[in-house]
>>> print(open('final_29.tsv').read())   # TSV, C-alpha atoms
chain	number	residue	atom	x	y	z
A	1	MET	CA	52.72	34.51	-113.77
A	2	LEU	CA	53.65	37.84	-112.14
A	3	THR	CA	51.70	36.91	-108.99
A	4	ALA	CA	53.54	33.60	-108.78
A	5	VAL	CA	56.90	35.36	-109.10
A	6	LEU	CA	55.98	37.86	-106.37
A	7	LEU	CA	54.81	35.12	-104.03
A	8	PHE	CA	58.03	33.21	-104.62
A	9	SER	CA	60.04	36.36	-103.90
A	10	VAL	CA	58.22	37.06	-100.63
A	11	THR	CA	58.54	33.44	-99.52
A	12	ALA	CA	62.23	33.33	-100.36
A	13	THR	CA	62.86	36.61	-98.53
A	14	PHE	CA	61.03	35.33	-95.43
A	15	ALA	CA	62.98	32.07	-95.49
A	16	GLN	CA	66.25	33.96	-95.72
A	17	ALA	CA	65.26	36.24	-92.87
A	18	LYS	CA	64.17	33.40	-90.57
A	19	LYS	CA	66.59	33.10	-87.68
A	20	LYS	CA	68.44	29.96	-86.70
A	21	VAL	CA	69.13	28.55	-83.24
A	22	ALA	CA	71.54	25.78	-82.21
A	23	VAL	CA	70.56	23.32	-79.49
A	24	VAL	CA	73.81	22.98	-77.54
A	25	THR	CA	72.86	20.44	-74.88
A	26	PHE	CA	70.30	17.68	-74.51
A	27	TYR	CA	70.39	15.44	-71.46
A	28	ALA	CA	68.55	13.86	-68.54
A	29	ASP	CA	69.66	14.27	-64.94
A	30	LYS	CA	69.79	10.89	-63.14
A	31	MET	CA	69.92	12.52	-59.71
A	32	VAL	CA	66.30	12.23	-58.57
A	33	ASP	CA	65.42	15.07	-56.20
A	34	LEU	CA	64.03	13.79	-52.90
A	35	SER	CA	63.59	17.16	-51.17
A	36	ASP	CA	59.80	16.94	-51.16
A	37	VAL	CA	59.88	13.68	-49.22
A	38	GLY	CA	62.36	15.12	-46.73
A	39	LEU	CA	65.36	13.15	-47.91
A	40	ALA	CA	67.48	15.55	-49.91
A	41	GLU	CA	70.75	13.71	-49.21
A	42	ILE	CA	70.65	9.94	-48.76
A	43	ALA	CA	72.68	7.06	-50.13
A	44	ALA	CA	69.77	5.85	-52.27
A	45	ILE	CA	70.27	8.80	-54.60
A	46	ALA	CA	73.87	7.92	-55.35
A	47	ASP	CA	72.99	4.24	-55.71
A	48	LEU	CA	70.25	5.03	-58.18
A	49	LYS	CA	72.47	7.40	-60.14
A	50	ASN	CA	75.11	4.72	-60.54
A	51	ASP	CA	72.73	1.84	-61.13
A	52	PRO	CA	72.93	0.71	-64.79
A	53	ASN	CA	69.33	-0.51	-64.52
A	54	PHE	CA	68.22	3.09	-64.02
A	55	ASN	CA	68.61	3.85	-67.70
A	56	LEU	CA	66.95	7.03	-68.92
A	57	ALA	CA	68.22	6.67	-72.49
A	58	PRO	CA	64.92	5.37	-73.97
A	59	MET	CA	62.99	8.23	-72.33
A	60	LEU	CA	65.58	10.74	-73.49
A	61	GLN	CA	65.28	9.37	-77.03
A	62	GLN	CA	61.51	9.72	-76.87
A	63	TYR	CA	61.71	13.31	-75.66
A	64	HIS	CA	64.41	14.18	-78.20
A	65	ASP	CA	62.30	12.87	-81.09
A	66	LYS	CA	59.24	14.71	-79.82
A	67	PHE	CA	61.23	17.91	-79.41
A	68	PHE	CA	62.82	17.97	-82.85
A	69	THR	CA	59.82	16.56	-84.72
A	70	ASP	CA	56.89	18.37	-83.08
A	71	TYR	CA	58.01	21.20	-80.81
A	72	ALA	CA	60.59	22.49	-83.29
A	73	LYS	CA	57.80	23.31	-85.75
A	74	LYS	CA	56.20	25.66	-83.25
A	75	PHE	CA	59.24	27.89	-82.77
A	76	PRO	CA	59.31	31.11	-84.83
A	77	PHE	CA	62.86	30.23	-85.86
A	78	GLU	CA	64.68	27.24	-87.30
A	79	LEU	CA	66.75	24.79	-85.31
A	80	ALA	CA	70.16	24.23	-86.83
A	81	ASP	CA	71.04	20.72	-87.93
A	82	GLU	CA	72.26	18.82	-84.88
A	83	THR	CA	75.51	17.88	-86.59
A	84	LEU	CA	76.55	21.53	-86.42
A	85	VAL	CA	76.93	20.95	-82.68
A	86	THR	CA	77.56	17.23	-82.31
A	87	GLY	CA	80.20	17.23	-85.05
A	88	ASN	CA	82.15	20.16	-83.61
A	89	GLU	CA	85.42	18.98	-82.01
A	90	GLU	CA	85.89	22.21	-80.04
A	91	TYR	CA	82.42	21.74	-78.57
A	92	HIS	CA	83.42	18.34	-77.19
A	93	LYS	CA	86.56	19.86	-75.66
A	94	PHE	CA	84.61	22.63	-73.93
A	95	GLN	CA	84.93	22.62	-70.15
A	96	PRO	CA	81.81	24.04	-68.42
A	97	THR	CA	82.25	26.66	-65.73
A	98	PHE	CA	80.74	26.13	-62.28
A	99	LEU	CA	80.26	29.00	-59.85
A	100	GLY	CA	79.95	28.17	-56.16
A	101	MET	CA	79.21	24.51	-56.80
A	102	LYS	CA	80.87	21.20	-57.51
A	103	GLN	CA	79.39	19.02	-60.20
A	104	ASP	CA	79.44	15.26	-60.57
A	105	MET	CA	79.22	14.98	-64.34
A	106	SER	CA	78.40	11.26	-64.14
A	107	ARG	CA	74.87	12.16	-63.06
A	108	TYR	CA	74.00	13.37	-66.56
A	109	GLN	CA	72.73	10.92	-69.16
A	110	LEU	CA	73.50	12.55	-72.49
A	111	TYR	CA	71.70	12.23	-75.77
A	112	PRO	CA	74.34	10.83	-78.18
A	113	GLY	CA	76.64	13.54	-79.49
A	114	TYR	CA	75.83	16.18	-76.87
A	115	GLU	CA	77.69	17.42	-73.80
A	116	ALA	CA	76.22	18.56	-70.48
A	117	VAL	CA	76.28	22.37	-70.35
A	118	ASP	CA	73.95	24.46	-68.21
A	119	PRO	CA	73.52	28.25	-68.23
A	120	THR	CA	72.55	28.20	-64.54
A	121	TRP	CA	76.01	26.92	-63.64
A	122	SER	CA	77.56	30.13	-64.99
A	123	SER	CA	76.87	32.74	-67.67
A	124	ALA	CA	80.31	31.85	-69.01
A	125	ASN	CA	78.74	28.69	-70.41
A	126	VAL	CA	76.33	30.73	-72.53
A	127	ASN	CA	79.12	32.95	-73.83
A	128	GLY	CA	81.28	29.91	-74.51
A	129	MET	CA	78.58	28.31	-76.64
A	130	LEU	CA	77.98	31.53	-78.57
A	131	LYS	CA	81.69	31.77	-79.39
A	132	LEU	CA	81.70	28.18	-80.62
A	133	PHE	CA	78.72	28.78	-82.92
A	134	PRO	CA	78.98	32.39	-84.19
A	135	ASP	CA	76.88	31.79	-87.28
A	136	VAL	CA	73.60	31.13	-85.44
A	137	ASP	CA	71.28	33.71	-83.93
A	138	GLY	CA	70.99	32.01	-80.55
A	139	VAL	CA	71.77	28.93	-78.50
A	140	MET	CA	69.29	26.70	-76.71
A	141	PHE	CA	69.80	24.45	-73.69
A	142	VAL	CA	67.39	21.53	-73.22
A	143	TYR	CA	67.28	19.00	-70.39
A	144	ILE	CA	64.91	17.01	-68.20
A	145	ASP	CA	65.07	15.97	-64.57
A	146	PHE	CA	62.91	14.27	-61.99
A	147	ALA	CA	61.73	14.74	-58.41
A	148	LEU	CA	59.85	12.39	-56.11
A	149	VAL	CA	56.84	14.04	-54.45
A	150	LYS	CA	54.84	12.87	-51.47
A	151	GLY	CA	51.20	11.94	-51.86
A	152	PHE	CA	48.69	10.69	-49.32
A	153	GLY	CA	49.69	8.89	-46.15
A	154	VAL	CA	50.07	8.88	-42.41
A	155	GLY	CA	53.35	8.98	-40.55
A	156	GLY	CA	56.14	7.22	-42.39
A	157	THR	CA	53.85	5.40	-44.81
A	158	ALA	CA	52.63	7.33	-47.83
A	159	SER	CA	52.17	7.18	-51.57
A	160	THR	CA	54.60	8.93	-53.90
A	161	LYS	CA	54.54	10.26	-57.44
A	162	MET	CA	57.31	11.19	-59.81
A	163	ARG	CA	57.43	14.72	-61.18
A	164	ALA	CA	59.15	15.29	-64.53
A	165	PHE	CA	60.57	18.70	-65.40
A	166	THR	CA	61.75	20.09	-68.69
A	167	HIS	CA	63.97	23.14	-68.94
A	168	ILE	CA	64.31	24.91	-72.28
A	169	ALA	CA	66.43	28.07	-72.21
A	170	LEU	CA	67.14	30.28	-75.23
A	171	TYR	CA	69.81	33.01	-75.40
A	172	ASN	CA	70.42	35.43	-78.27
A	173	LYS	CA	73.75	36.39	-79.85
A	174	LYS	CA	74.34	39.02	-77.18
A	175	GLY	CA	74.02	36.45	-74.43
A	176	ASP	CA	70.67	37.85	-73.29
A	177	LYS	CA	67.98	35.46	-72.14
A	178	VAL	CA	65.13	35.28	-74.66
A	179	PHE	CA	62.97	32.85	-72.71
A	180	VAL	CA	63.13	30.00	-70.24
A	181	ILE	CA	60.48	27.28	-70.22
A	182	ASN	CA	60.21	25.39	-66.94
A	183	GLU	CA	57.30	22.99	-67.15
A	184	HIS	CA	56.48	19.94	-65.05
A	185	ALA	CA	53.91	17.19	-64.68
A	186	ASN	CA	53.27	14.39	-62.19
A	187	SER	CA	53.12	10.71	-63.03
A	188	SER	CA	49.83	8.87	-63.03
A	189	LYS	CA	51.66	5.87	-61.61
A	190	THR	CA	52.48	5.87	-57.91
A	191	GLY	CA	55.04	4.43	-55.52
A	192	VAL	CA	55.24	4.09	-51.75
A	193	MET	CA	57.20	5.28	-48.75
A	194	VAL	CA	57.73	2.77	-45.95
A	195	GLY	CA	59.11	3.92	-42.61
A	196	GLY	CA	59.65	7.36	-44.09
A	197	VAL	CA	61.89	6.06	-46.88
A	198	PRO	CA	60.65	5.82	-50.49
A	199	VAL	CA	61.12	2.63	-52.46
A	200	MET	CA	63.85	3.59	-54.92
A	201	LYS	CA	64.47	0.38	-56.85
A	202	PRO	CA	64.84	1.02	-60.61
A	203	GLU	CA	62.05	-1.40	-61.47
A	204	LYS	CA	59.70	0.73	-59.32
A	205	ILE	CA	61.05	4.16	-60.22
A	206	MET	CA	61.44	3.74	-64.00
A	207	PRO	CA	57.71	3.27	-64.76
A	208	MET	CA	56.97	6.38	-62.68
A	209	CYS	CA	59.54	8.40	-64.63
A	210	GLU	CA	58.08	7.16	-67.92
A	211	SER	CA	54.58	8.06	-66.79
A	212	ALA	CA	55.65	11.54	-65.63
A	213	LEU	CA	57.44	12.28	-68.89
A	214	LYS	CA	54.43	11.11	-70.89
A	215	GLU	CA	52.17	13.47	-68.90
A	216	LEU	CA	54.67	16.30	-69.39
A	217	MET	CA	54.82	15.87	-73.16
A	218	GLU	CA	51.04	15.77	-73.38
A	219	ASP	CA	50.92	19.00	-71.38
A	220	LEU	CA	53.51	20.63	-73.62
A	221	ASP	CA	51.50	19.65	-76.69
A	222	LYS	CA	48.77	21.97	-75.41
A	223	ARG	CA	50.86	24.78	-73.92
A	224	ILE	CA	54.14	25.22	-75.76
A	225	GLN	CA	52.70	27.31	-78.59
A	226	LYS	CA	51.37	29.94	-76.18
A	227	ILE	CA	54.63	29.94	-74.24
A	228	ILE	CA	56.83	30.68	-77.25
A	229	ASP	CA	54.58	32.88	-79.39
A	230	LYS	CA	56.41	36.07	-78.42
A	231	SER	CA	59.92	34.65	-78.37
A	232	GLY	CA	60.80	35.48	-81.98
A	233	LYS	CA	60.58	39.23	-81.35
A	234	LYS	CA	63.23	39.02	-78.63
A	235	LEU	CA	65.69	36.93	-80.62
>>> encode(input="final_29.tsv", output="structure tokens")
Amino acid sequence: MLTAVLLFSVTATFAQAKKKVAVVTFYADKMVDLSDVGLAEIAAIADLKNDPNFNLAPMLQQYHDKFFTDYAKKFPFELADETLVTGNEEYHKFQPTFLGMKQDMSRYQLYPGYEAVDPTWSSANVNGMLKLFPDVDGVMFVYIDFALVKGFGVGGTASTKMRAFTHIALYNKKGDKVFVINEHANSSKTGVMVGGVPVMKPEKIMPMCESALKELMEDLDKRIQKIIDKSGKKL
């Protein structure tokens, strides 16, 4: 009986001491990076970004569910209930700060209830989130984006692959960076470049994005535990 009481006491103390982190953004960037294929700025990017058929919502849903169901269990801290963030009116009124850059906010496909906020735009965004959620021990920014990479070919004709990236950044109550995870994986499905220009139709690009994200999540399944093992000590 005494042993049971002691075990309960230790468990309860540990649970109380476990820190809590709020995820303050969750989105996918629809602006596919074409730098690797030598076309950083072409009209096809804007067309794709504004094309309703290029819909990343199902992929974002898949990654969101994976993140909160599987990856969340591996963190040495708890993730706050999402409604703490998504139900906060001041959060939805927050205007991100941009330093030395102009942002087209329409490029971001948001998971329902979240806003697009990025710590790389300005440290003021981190501090702003911490002020909005003073009762948590840290804030986390999560998003995915894509880049087209060149494969095999000669001249203007070549194969292409999609590369999916995830960015997971955690900051503590002081605004100090605890860790940043930048992982990527290439799609198993391929596309083509013809005359030096990649085929960017949604029906061609979407399966490549899906394939790349699938490869990325499988990679994270194996690696994320090692990446975050030491993070709890810094929080």
>>> atom_distance(input="final_29.tsv", atom1="atom CA of Lys73 of chain A", atom2="atom CA of Asn55 of chain A")
28.7 Å
>>> closest_residue(input="final_29.tsv", among="A:Arg107, A:Val192, A:Met129, A:Glu210", to="Tyr171 of chain A", atoms="all atoms listed in the file")
A:Met129
>>> closest_residue(input="final_29.tsv", among="A:Leu216, A:Met31, A:Val37, A:Lys19", to="Gln103 of chain A", atoms="all atoms listed in the file")
A:Met31
>>> closest_residue(input="final_29.tsv", among="A:Val24, A:Ala124, A:Ser106, A:Lys74", to="His92 of chain A", atoms="all atoms listed in the file")
A:Val24
>>> atom_distance(input="final_29.tsv", atom1="atom CA of Lys214 of chain A", atom2="atom CA of Ala28 of chain A")
14.6 Å
>>> atom_distance(input="final_29.tsv", atom1="atom CA of Gly138 of chain A", atom2="atom CA of Thr83 of chain A")
16.0 Å
>>> residues_around(input="final_29.tsv", residues="Val136 of chain A", least_positions_apart="5", cutoff="10 Å", atoms="only C-alpha atoms", output="MDAnalysis selection string")
chainID A and resid 19:22 78:80 130 172:173
>>> write_last_selection(input="final_29.tsv", atoms="C-alpha atoms", output="mmCIF file, in the frame of the given file")
data_model
loop_
_atom_site.group_PDB
_atom_site.id
_atom_site.type_symbol
_atom_site.label_atom_id
_atom_site.label_comp_id
_atom_site.auth_asym_id
_atom_site.auth_seq_id
_atom_site.Cartn_x
_atom_site.Cartn_y
_atom_site.Cartn_z
ATOM 1 C CA LYS A 19 66.590 33.100 -87.680
ATOM 2 C CA LYS A 20 68.440 29.960 -86.700
ATOM 3 C CA VAL A 21 69.130 28.550 -83.240
ATOM 4 C CA ALA A 22 71.540 25.780 -82.210
ATOM 5 C CA GLU A 78 64.680 27.240 -87.300
ATOM 6 C CA LEU A 79 66.750 24.790 -85.310
ATOM 7 C CA ALA A 80 70.160 24.230 -86.830
ATOM 8 C CA LEU A 130 77.980 31.530 -78.570
ATOM 9 C CA ASN A 172 70.420 35.430 -78.270
ATOM 10 C CA LYS A 173 73.750 36.390 -79.850
#
>>> residues_around(input="final_29.tsv", residues="Pro96 of chain A", least_positions_apart="4", cutoff="8 Å", atoms="all atoms listed in the file", output="mmCIF file with C-alpha atoms, in the coordinates of the input")
data_model
loop_
_atom_site.group_PDB
_atom_site.id
_atom_site.type_symbol
_atom_site.label_atom_id
_atom_site.label_comp_id
_atom_site.auth_asym_id
_atom_site.auth_seq_id
_atom_site.Cartn_x
_atom_site.Cartn_y
_atom_site.Cartn_z
ATOM 1 C CA VAL A 117 76.280 22.370 -70.350
ATOM 2 C CA ASP A 118 73.950 24.460 -68.210
ATOM 3 C CA ALA A 124 80.310 31.850 -69.010
ATOM 4 C CA ASN A 125 78.740 28.690 -70.410
#
>>> closest_residue(input="final_29.tsv", among="A:Tyr111, A:Tyr91, A:Phe146, A:Phe68", to="Met208 of chain A", atoms="all atoms listed in the file")
A:Phe146
